[in-house]
Amino acid sequence: MKVGVIGLGAMGGHMALNFHKAGFLHAIWNRTPGKAKSIVEKTGVKISETPSQLAGECELIVTCVSRDKDVLEIIQSISVAIKPDTVVADTSTVSSETARQAAAIMQDKQVYFLDCPVSGGVEGAKKGTLAMMVGGNEKVLERVRPTLSAIAANIAYIGPTGSGQACKAVNQLMAAGINQAVTESLAFGLAMGLDMDKVVDIVATGAAGNWFLDHRGKTMLAGAYHPGFKLSLHHKDLQICQVMLQNVSKAALPMIEMTLIHYQRLMDEGFGNEDISALFRLKKRQLETVAKES
């Protein structure tokens with residue numbers, strides 16, 4: 001199956017490389033040409049001049065961009081030349097409504113659209129071990145599942161169009177809670193004067209152990225916040241969660257509201273491009289400030 005990848009950022013670039021390793025990658029396109037050229041150097045694959053050119057040559061088009069408007073712009077662009085029966089799998093994190101709008105545009109072209117957001121961060125994208133949550137036509141998913149398996153180790157059909165994005169929203173809200181819990185707990189441990197490397201080692205083996213603690217615990221303690229998942233992007237995702245919630249309920253969820261405030265504070269200080277574990281900066285500072293005032 002000929003695959004085209006649109007969007008070659010931290011996630012999309014690794015997806016393209018894994019499609020190439022599996023023998024599927026046919027063409028790539030990225031708004032910033034430099035990122036596309038680095039993929040060409042590793043794969044020899046062609047760079048399409050436009051998204052529509054890529055769409056006219058591929059059977060499966062995988063998109064991975066940052067925001068809702070970017071997804072819809074790409075969908076409009078590829079709709080010009082895309083062939084009937086092509087499958088578009090969008091791995092971006094956007095709203096369920098955006099997924100439904102994209103699907104409607106593609107349906108007019110007799111093209112199948114799957115909303116396929118992923119989880120697993122840059123590490124998962126690099127290793128091809130992402131978790132993929134899929135909304136759309138289940139039979140179409142089964143048709144492209146062997147190809148998508150080049151980038152995702154766990155592919156789950158969730159339901160109709162938009163369901164994949166709703167599931168990803170659950171994931172992003174849960175990730176916010178885990179980030180809050182881990183960063184605050186480690187800041188508390190520091191305030192207690194503990195050897196925090198030992199604390200991480202033992203806590204990770206017990207009931208409170210989790211992926212975030214395993215992969216980010218010691219790096220944040222060392223003051224290293226190299227992005228696996230950019231804080232500014234998680235902020236954007238939580239805003240999507242906020243809007244999706246407002247569409248079904250007047251209630252507000254404290255975890256969303258609190259994390260958005262904390263992330264905005266860090267973004268205002270210039271830390272938006274750091275990993276979400278940079279929240280530890282804020283938690284640590286809060287406890288240090290209270291200690292000094294005492």
# chains A, B, ... in the order shown; residues from 1 in each chain; ligands from 1
>>> residues_around(residues="segment 135-152 of chain A", least_positions_apart="2", cutoff="8 Å", atoms="only C-alpha atoms", output="VMD selection string")
chain A and resid 1 15 18 to 19 22 24 60 87 112 to 116 125 127 to 133 154 to 155 157 to 165
>>> write_last_selection(atoms="N, CA and C atoms", output="short mmCIF file (atom, residue, chain, number, x, y, z; two decimals), in the first residue's frame")
data_model
loop_
_atom_site.label_atom_id
_atom_site.label_comp_id
_atom_site.auth_asym_id
_atom_site.auth_seq_id
_atom_site.Cartn_x
_atom_site.Cartn_y
_atom_site.Cartn_z
N MET A 1 0.85 -1.20 0.00
CA MET A 1 0.00 0.00 0.00
C MET A 1 0.88 1.25 0.00
N MET A 15 7.06 8.59 12.26
CA MET A 15 6.07 7.74 11.58
C MET A 15 6.50 7.47 10.14
N ASN A 18 9.22 4.91 9.99
CA ASN A 18 8.74 3.55 10.25
C ASN A 18 7.93 2.99 9.08
N PHE A 19 7.18 3.84 8.40
CA PHE A 19 6.50 3.39 7.18
C PHE A 19 7.53 2.99 6.12
N ALA A 22 9.00 -0.39 6.77
CA ALA A 22 8.05 -1.45 6.45
C ALA A 22 7.78 -1.56 4.96
N PHE A 24 6.34 0.83 2.96
CA PHE A 24 5.08 1.45 2.53
C PHE A 24 5.23 2.90 2.07
N LEU A 60 -3.08 5.46 1.02
CA LEU A 60 -3.31 5.81 2.43
C LEU A 60 -2.54 7.09 2.72
N VAL A 87 -7.88 6.23 1.63
CA VAL A 87 -8.13 6.34 3.06
C VAL A 87 -7.24 7.44 3.64
N TYR A 112 -12.49 7.71 2.39
CA TYR A 112 -12.73 7.32 3.77
C TYR A 112 -11.81 8.10 4.71
N PHE A 113 -12.38 8.61 5.79
CA PHE A 113 -11.61 9.36 6.78
C PHE A 113 -11.68 8.64 8.12
N LEU A 114 -10.52 8.42 8.72
CA LEU A 114 -10.43 7.82 10.05
C LEU A 114 -9.75 8.83 10.97
N ASP A 115 -10.38 9.13 12.12
CA ASP A 115 -9.65 9.92 13.11
C ASP A 115 -8.87 8.95 13.99
N CYS A 116 -7.55 9.09 13.93
CA CYS A 116 -6.64 8.10 14.54
C CYS A 116 -5.61 8.75 15.46
N ALA A 125 6.61 7.03 18.99
CA ALA A 125 6.66 7.27 17.55
C ALA A 125 7.95 6.72 16.95
N LYS A 127 9.86 4.26 18.14
CA LYS A 127 9.92 2.80 18.21
C LYS A 127 8.80 2.11 17.43
N GLY A 128 7.81 2.88 16.98
CA GLY A 128 6.68 2.29 16.28
C GLY A 128 5.74 1.56 17.23
N THR A 129 5.68 2.03 18.48
CA THR A 129 4.88 1.33 19.50
C THR A 129 3.72 2.19 20.00
N LEU A 130 3.25 3.12 19.20
CA LEU A 130 2.18 4.01 19.61
C LEU A 130 0.88 3.26 19.88
N ALA A 131 0.06 3.86 20.73
CA ALA A 131 -1.32 3.39 20.90
C ALA A 131 -2.19 4.28 20.01
N MET A 132 -3.06 3.67 19.21
CA MET A 132 -3.89 4.42 18.27
C MET A 132 -5.36 4.18 18.56
N MET A 133 -6.11 5.28 18.67
CA MET A 133 -7.54 5.23 19.00
C MET A 133 -8.31 5.68 17.76
N ASN A 154 -0.58 -0.94 19.17
CA ASN A 154 -1.92 -1.22 19.69
C ASN A 154 -2.91 -0.31 18.99
N ILE A 155 -3.75 -0.87 18.15
CA ILE A 155 -4.73 -0.11 17.39
C ILE A 155 -6.12 -0.55 17.84
N TYR A 157 -10.30 0.08 17.73
CA TYR A 157 -11.46 0.74 17.15
C TYR A 157 -12.36 1.20 18.29
N ILE A 158 -12.70 2.50 18.31
CA ILE A 158 -13.48 3.07 19.40
C ILE A 158 -14.95 3.24 19.03
N GLY A 159 -15.23 3.69 17.78
CA GLY A 159 -16.61 3.92 17.40
C GLY A 159 -16.71 4.81 16.18
N PRO A 160 -17.84 5.47 15.98
CA PRO A 160 -18.06 6.33 14.80
C PRO A 160 -17.06 7.49 14.75
N THR A 161 -17.06 8.18 13.63
CA THR A 161 -16.17 9.33 13.44
C THR A 161 -16.25 10.29 14.62
N GLY A 162 -15.10 10.70 15.12
CA GLY A 162 -15.01 11.58 16.28
C GLY A 162 -14.74 10.83 17.57
N SER A 163 -15.01 9.52 17.57
CA SER A 163 -14.80 8.73 18.80
C SER A 163 -13.33 8.60 19.14
N GLY A 164 -12.49 8.49 18.13
CA GLY A 164 -11.06 8.40 18.38
C GLY A 164 -10.56 9.65 19.10
N GLN A 165 -11.01 10.82 18.62
CA GLN A 165 -10.59 12.06 19.25
C GLN A 165 -11.16 12.22 20.66
#
>>> residues_around(residues="Ala166 of chain A", least_positions_apart="3", cutoff="9 Å", atoms="only C-alpha atoms", output="PyMOL selection string")
chain A and resi 95-96+135+162-163+169-171+241+244
>>> write_last_selection(atoms="C-alpha atoms", output="PDB file, in the first residue's frame")
ATOM      1  CA  SER A  95     -11.691  18.036  18.461  1.00  0.00           C
ATOM      2  CA  SER A  96     -14.307  15.438  17.595  1.00  0.00           C
ATOM      3  CA  GLY A 135     -13.015   6.551  14.944  1.00  0.00           C
ATOM      4  CA  GLY A 162     -15.012  11.577  16.280  1.00  0.00           C
ATOM      5  CA  SER A 163     -14.803   8.729  18.795  1.00  0.00           C
ATOM      6  CA  ALA A 169      -9.278  13.680  25.072  1.00  0.00           C
ATOM      7  CA  VAL A 170      -9.752  11.181  27.910  1.00  0.00           C
ATOM      8  CA  ASN A 171      -6.069  10.268  27.560  1.00  0.00           C
ATOM      9  CA  CYS A 241     -11.077  18.979  26.178  1.00  0.00           C
ATOM     10  CA  MET A 244     -15.714  19.367  24.113  1.00  0.00           C
TER      11      MET A 244
END
>>> select_by_dssp(residues="segment 63-258 of chain A", states="strand (DSSP E or B)", output="list in words")
Thr63, Val87, Val88, Ala89, Asp90, Tyr112, Phe113, Leu114, Asp115, Val118, Ser119, Leu130, Ala131, Met132, Met133, Val134, Gly135, Ala152, Ala153, Asn154, Ile155, Ala156, Tyr157, Ile158, Gly159 and Lys230 of chain A
>>> write_last_selection(atoms="N, CA and C atoms", output="PDB file, in the first residue's frame")
ATOM      1  N   THR A  63      -1.929  11.996   8.164  1.00  0.00           N
ATOM      2  CA  THR A  63      -1.661  13.386   8.507  1.00  0.00           C
ATOM      3  C   THR A  63      -1.313  13.495   9.984  1.00  0.00           C
ATOM      4  N   VAL A  87      -7.876   6.235   1.625  1.00  0.00           N
ATOM      5  CA  VAL A  87      -8.130   6.344   3.064  1.00  0.00           C
ATOM      6  C   VAL A  87      -7.238   7.442   3.640  1.00  0.00           C
ATOM      7  N   VAL A  88      -7.842   8.326   4.410  1.00  0.00           N
ATOM      8  CA  VAL A  88      -7.092   9.368   5.118  1.00  0.00           C
ATOM      9  C   VAL A  88      -7.150   9.043   6.606  1.00  0.00           C
ATOM     10  N   ALA A  89      -5.993   8.880   7.219  1.00  0.00           N
ATOM     11  CA  ALA A  89      -5.908   8.596   8.657  1.00  0.00           C
ATOM     12  C   ALA A  89      -5.235   9.787   9.336  1.00  0.00           C
ATOM     13  N   ASP A  90      -6.012  10.525  10.101  1.00  0.00           N
ATOM     14  CA  ASP A  90      -5.479  11.709  10.766  1.00  0.00           C
ATOM     15  C   ASP A  90      -5.036  11.361  12.178  1.00  0.00           C
ATOM     16  N   TYR A 112     -12.488   7.715   2.390  1.00  0.00           N
ATOM     17  CA  TYR A 112     -12.727   7.322   3.775  1.00  0.00           C
ATOM     18  C   TYR A 112     -11.807   8.097   4.709  1.00  0.00           C
ATOM     19  N   PHE A 113     -12.384   8.612   5.787  1.00  0.00           N
ATOM     20  CA  PHE A 113     -11.607   9.359   6.778  1.00  0.00           C
ATOM     21  C   PHE A 113     -11.677   8.636   8.122  1.00  0.00           C
ATOM     22  N   LEU A 114     -10.524   8.415   8.720  1.00  0.00           N
ATOM     23  CA  LEU A 114     -10.432   7.822  10.052  1.00  0.00           C
ATOM     24  C   LEU A 114      -9.751   8.828  10.974  1.00  0.00           C
ATOM     25  N   ASP A 115     -10.377   9.128  12.119  1.00  0.00           N
ATOM     26  CA  ASP A 115      -9.651   9.925  13.111  1.00  0.00           C
ATOM     27  C   ASP A 115      -8.871   8.948  13.991  1.00  0.00           C
ATOM     28  N   VAL A 118      -3.001   9.396  18.412  1.00  0.00           N
ATOM     29  CA  VAL A 118      -2.074   8.422  18.989  1.00  0.00           C
ATOM     30  C   VAL A 118      -1.557   8.899  20.341  1.00  0.00           C
ATOM     31  N   SER A 119      -1.082   7.949  21.132  1.00  0.00           N
ATOM     32  CA  SER A 119      -0.460   8.244  22.418  1.00  0.00           C
ATOM     33  C   SER A 119       0.807   7.412  22.536  1.00  0.00           C
ATOM     34  N   LEU A 130       3.251   3.122  19.197  1.00  0.00           N
ATOM     35  CA  LEU A 130       2.182   4.014  19.608  1.00  0.00           C
ATOM     36  C   LEU A 130       0.881   3.259  19.880  1.00  0.00           C
ATOM     37  N   ALA A 131       0.056   3.856  20.727  1.00  0.00           N
ATOM     38  CA  ALA A 131      -1.321   3.392  20.900  1.00  0.00           C
ATOM     39  C   ALA A 131      -2.188   4.278  20.015  1.00  0.00           C
ATOM     40  N   MET A 132      -3.063   3.672  19.214  1.00  0.00           N
ATOM     41  CA  MET A 132      -3.886   4.421  18.267  1.00  0.00           C
ATOM     42  C   MET A 132      -5.359   4.185  18.564  1.00  0.00           C
ATOM     43  N   MET A 133      -6.112   5.284  18.674  1.00  0.00           N
ATOM     44  CA  MET A 133      -7.539   5.235  18.997  1.00  0.00           C
ATOM     45  C   MET A 133      -8.312   5.681  17.765  1.00  0.00           C
ATOM     46  N   VAL A 134      -9.126   4.799  17.199  1.00  0.00           N
ATOM     47  CA  VAL A 134      -9.671   5.051  15.868  1.00  0.00           C
ATOM     48  C   VAL A 134     -11.181   5.241  15.873  1.00  0.00           C
ATOM     49  N   GLY A 135     -11.603   6.314  15.190  1.00  0.00           N
ATOM     50  CA  GLY A 135     -13.015   6.551  14.944  1.00  0.00           C
ATOM     51  C   GLY A 135     -13.268   6.516  13.444  1.00  0.00           C
ATOM     52  N   ALA A 152       2.044   1.783  14.915  1.00  0.00           N
ATOM     53  CA  ALA A 152       1.318   1.617  16.178  1.00  0.00           C
ATOM     54  C   ALA A 152       1.270   0.148  16.580  1.00  0.00           C
ATOM     55  N   ALA A 153       1.619  -0.127  17.820  1.00  0.00           N
ATOM     56  CA  ALA A 153       1.613  -1.508  18.323  1.00  0.00           C
ATOM     57  C   ALA A 153       0.235  -1.912  18.817  1.00  0.00           C
ATOM     58  N   ASN A 154      -0.580  -0.941  19.173  1.00  0.00           N
ATOM     59  CA  ASN A 154      -1.915  -1.218  19.694  1.00  0.00           C
ATOM     60  C   ASN A 154      -2.911  -0.310  18.987  1.00  0.00           C
ATOM     61  N   ILE A 155      -3.749  -0.869  18.153  1.00  0.00           N
ATOM     62  CA  ILE A 155      -4.731  -0.111  17.388  1.00  0.00           C
ATOM     63  C   ILE A 155      -6.117  -0.552  17.839  1.00  0.00           C
ATOM     64  N   ALA A 156      -6.885   0.375  18.407  1.00  0.00           N
ATOM     65  CA  ALA A 156      -8.211   0.032  18.943  1.00  0.00           C
ATOM     66  C   ALA A 156      -9.299   0.806  18.213  1.00  0.00           C
ATOM     67  N   TYR A 157     -10.299   0.081  17.733  1.00  0.00           N
ATOM     68  CA  TYR A 157     -11.464   0.741  17.146  1.00  0.00           C
ATOM     69  C   TYR A 157     -12.362   1.202  18.290  1.00  0.00           C
ATOM     70  N   ILE A 158     -12.700   2.505  18.308  1.00  0.00           N
ATOM     71  CA  ILE A 158     -13.479   3.071  19.402  1.00  0.00           C
ATOM     72  C   ILE A 158     -14.952   3.243  19.031  1.00  0.00           C
ATOM     73  N   GLY A 159     -15.228   3.689  17.782  1.00  0.00           N
ATOM     74  CA  GLY A 159     -16.613   3.917  17.397  1.00  0.00           C
ATOM     75  C   GLY A 159     -16.710   4.813  16.181  1.00  0.00           C
ATOM     76  N   LYS A 230       5.497  18.321  24.169  1.00  0.00           N
ATOM     77  CA  LYS A 230       5.636  19.736  24.503  1.00  0.00           C
ATOM     78  C   LYS A 230       4.487  20.221  25.384  1.00  0.00           C
TER      79      LYS A 230
END
>>> residues_around(residues="Val80 of chain A", least_positions_apart="5", cutoff="9 Å", atoms="only C-alpha atoms", output="PyMOL selection string")
chain A and resi 52+55-56+109
>>> write_last_selection(atoms="C-alpha atoms", output="PDB file, in the first residue's frame")
ATOM      1  CA  SER A  52      -2.768  17.584  -3.386  1.00  0.00           C
ATOM      2  CA  ALA A  55      -2.931  12.772  -2.343  1.00  0.00           C
ATOM      3  CA  GLY A  56      -3.246  11.911  -6.020  1.00  0.00           C
ATOM      4  CA  LYS A 109     -14.994  12.798  -2.674  1.00  0.00           C
TER       5      LYS A 109
END
>>> residues_around(residues="Gly217 of chain A", least_positions_apart="3", cutoff="12 Å", atoms="only C-alpha atoms", output="JSON, numbers by chain")
{"A": [178, 179, 181, 182, 183, 184, 185, 186, 187, 189, 196, 197, 198, 199, 200, 201, 202, 203, 204, 209, 210, 211, 212, 213, 214, 220, 221, 222, 223, 224, 225, 276, 277, 278, 279, 280]}
>>> residues_around(residues="Ile240 of chain A", least_positions_apart="3", cutoff="9 Å", atoms="only C-alpha atoms", output="PyMOL selection string")
chain A and resi 93-95+169+235-237+243-245
>>> closest_atom_pairs(of="segment 59-117 of chain A", to="segment 6-10 of chain A", cutoff="10 Å", atoms="only C-alpha atoms", output="CSV")
residue,atom,partner,partner_atom,distance
A:Ile61,CA,A:Ile6,CA,7.5
A:Val62,CA,A:Ile6,CA,6.2
A:Thr63,CA,A:Ile6,CA,4.7
A:Cys64,CA,A:Gly7,CA,4.9
A:Val65,CA,A:Gly7,CA,5.3
A:Ser66,CA,A:Gly7,CA,8.7
A:Asp70,CA,A:Gly7,CA,9.9
A:Val71,CA,A:Gly7,CA,10.0
A:Ile74,CA,A:Ile6,CA,8.4
A:Asp90,CA,A:Ile6,CA,9.5
A:Thr91,CA,A:Gly7,CA,9.9
A:Ser92,CA,A:Gly7,CA,9.4
>>> select_by_dssp(residues="segment 33-255 of chain A", states="alpha helix (DSSP H)", output="PyMOL selection string")
chain A and resi 33-43+51-57+68-78+96-107+121-127+138-148+163-191+196-203+211-221+231-246+254-255
>>> closest_atom_pairs(of="segment 57-128 of chain A", to="segment 38-51 of chain A", cutoff="10 Å", atoms="only C-alpha atoms", output="Markdown table")
| residue | atom | partner | partner_atom | distance |
| --- | --- | --- | --- | --- |
| A:Glu57 | CA | A:Ser48 | CA | 9.5 |
| A:Ile61 | CA | A:Pro51 | CA | 9.8 |
| A:Ile74 | CA | A:Pro51 | CA | 7.0 |
| A:Ile75 | CA | A:Pro51 | CA | 8.9 |
| A:Gln76 | CA | A:Pro51 | CA | 9.6 |
| A:Ser77 | CA | A:Pro51 | CA | 6.3 |
| A:Ile78 | CA | A:Pro51 | CA | 5.5 |
| A:Ser79 | CA | A:Pro51 | CA | 9.3 |
| A:Val80 | CA | A:Pro51 | CA | 9.4 |
| A:Ala81 | CA | A:Pro51 | CA | 9.0 |
| A:Ile82 | CA | A:Pro51 | CA | 9.6 |
>>> atom_distance(atom1="atom CA of Val122 of chain A", atom2="atom CA of Gly228 of chain A")
5.0 Å
>>> atom_distance(atom1="atom CA of Ala36 of chain A", atom2="atom CA of Leu231 of chain A")
24.2 Å
>>> closest_residue(among="A:Pro84, A:Gly34, A:Pro117, A:Gly193", to="Ala99 of chain A", atoms="only C-alpha atoms")
A:Pro117
>>> closest_residue(among="A:Arg281, A:Lys126, A:Lys69, A:His226", to="Ala102 of chain A", atoms="only C-alpha atoms")
A:Lys69
>>> atom_distance(atom1="atom CA of His14 of chain A", atom2="atom CA of Met174 of chain A")
24.7 Å
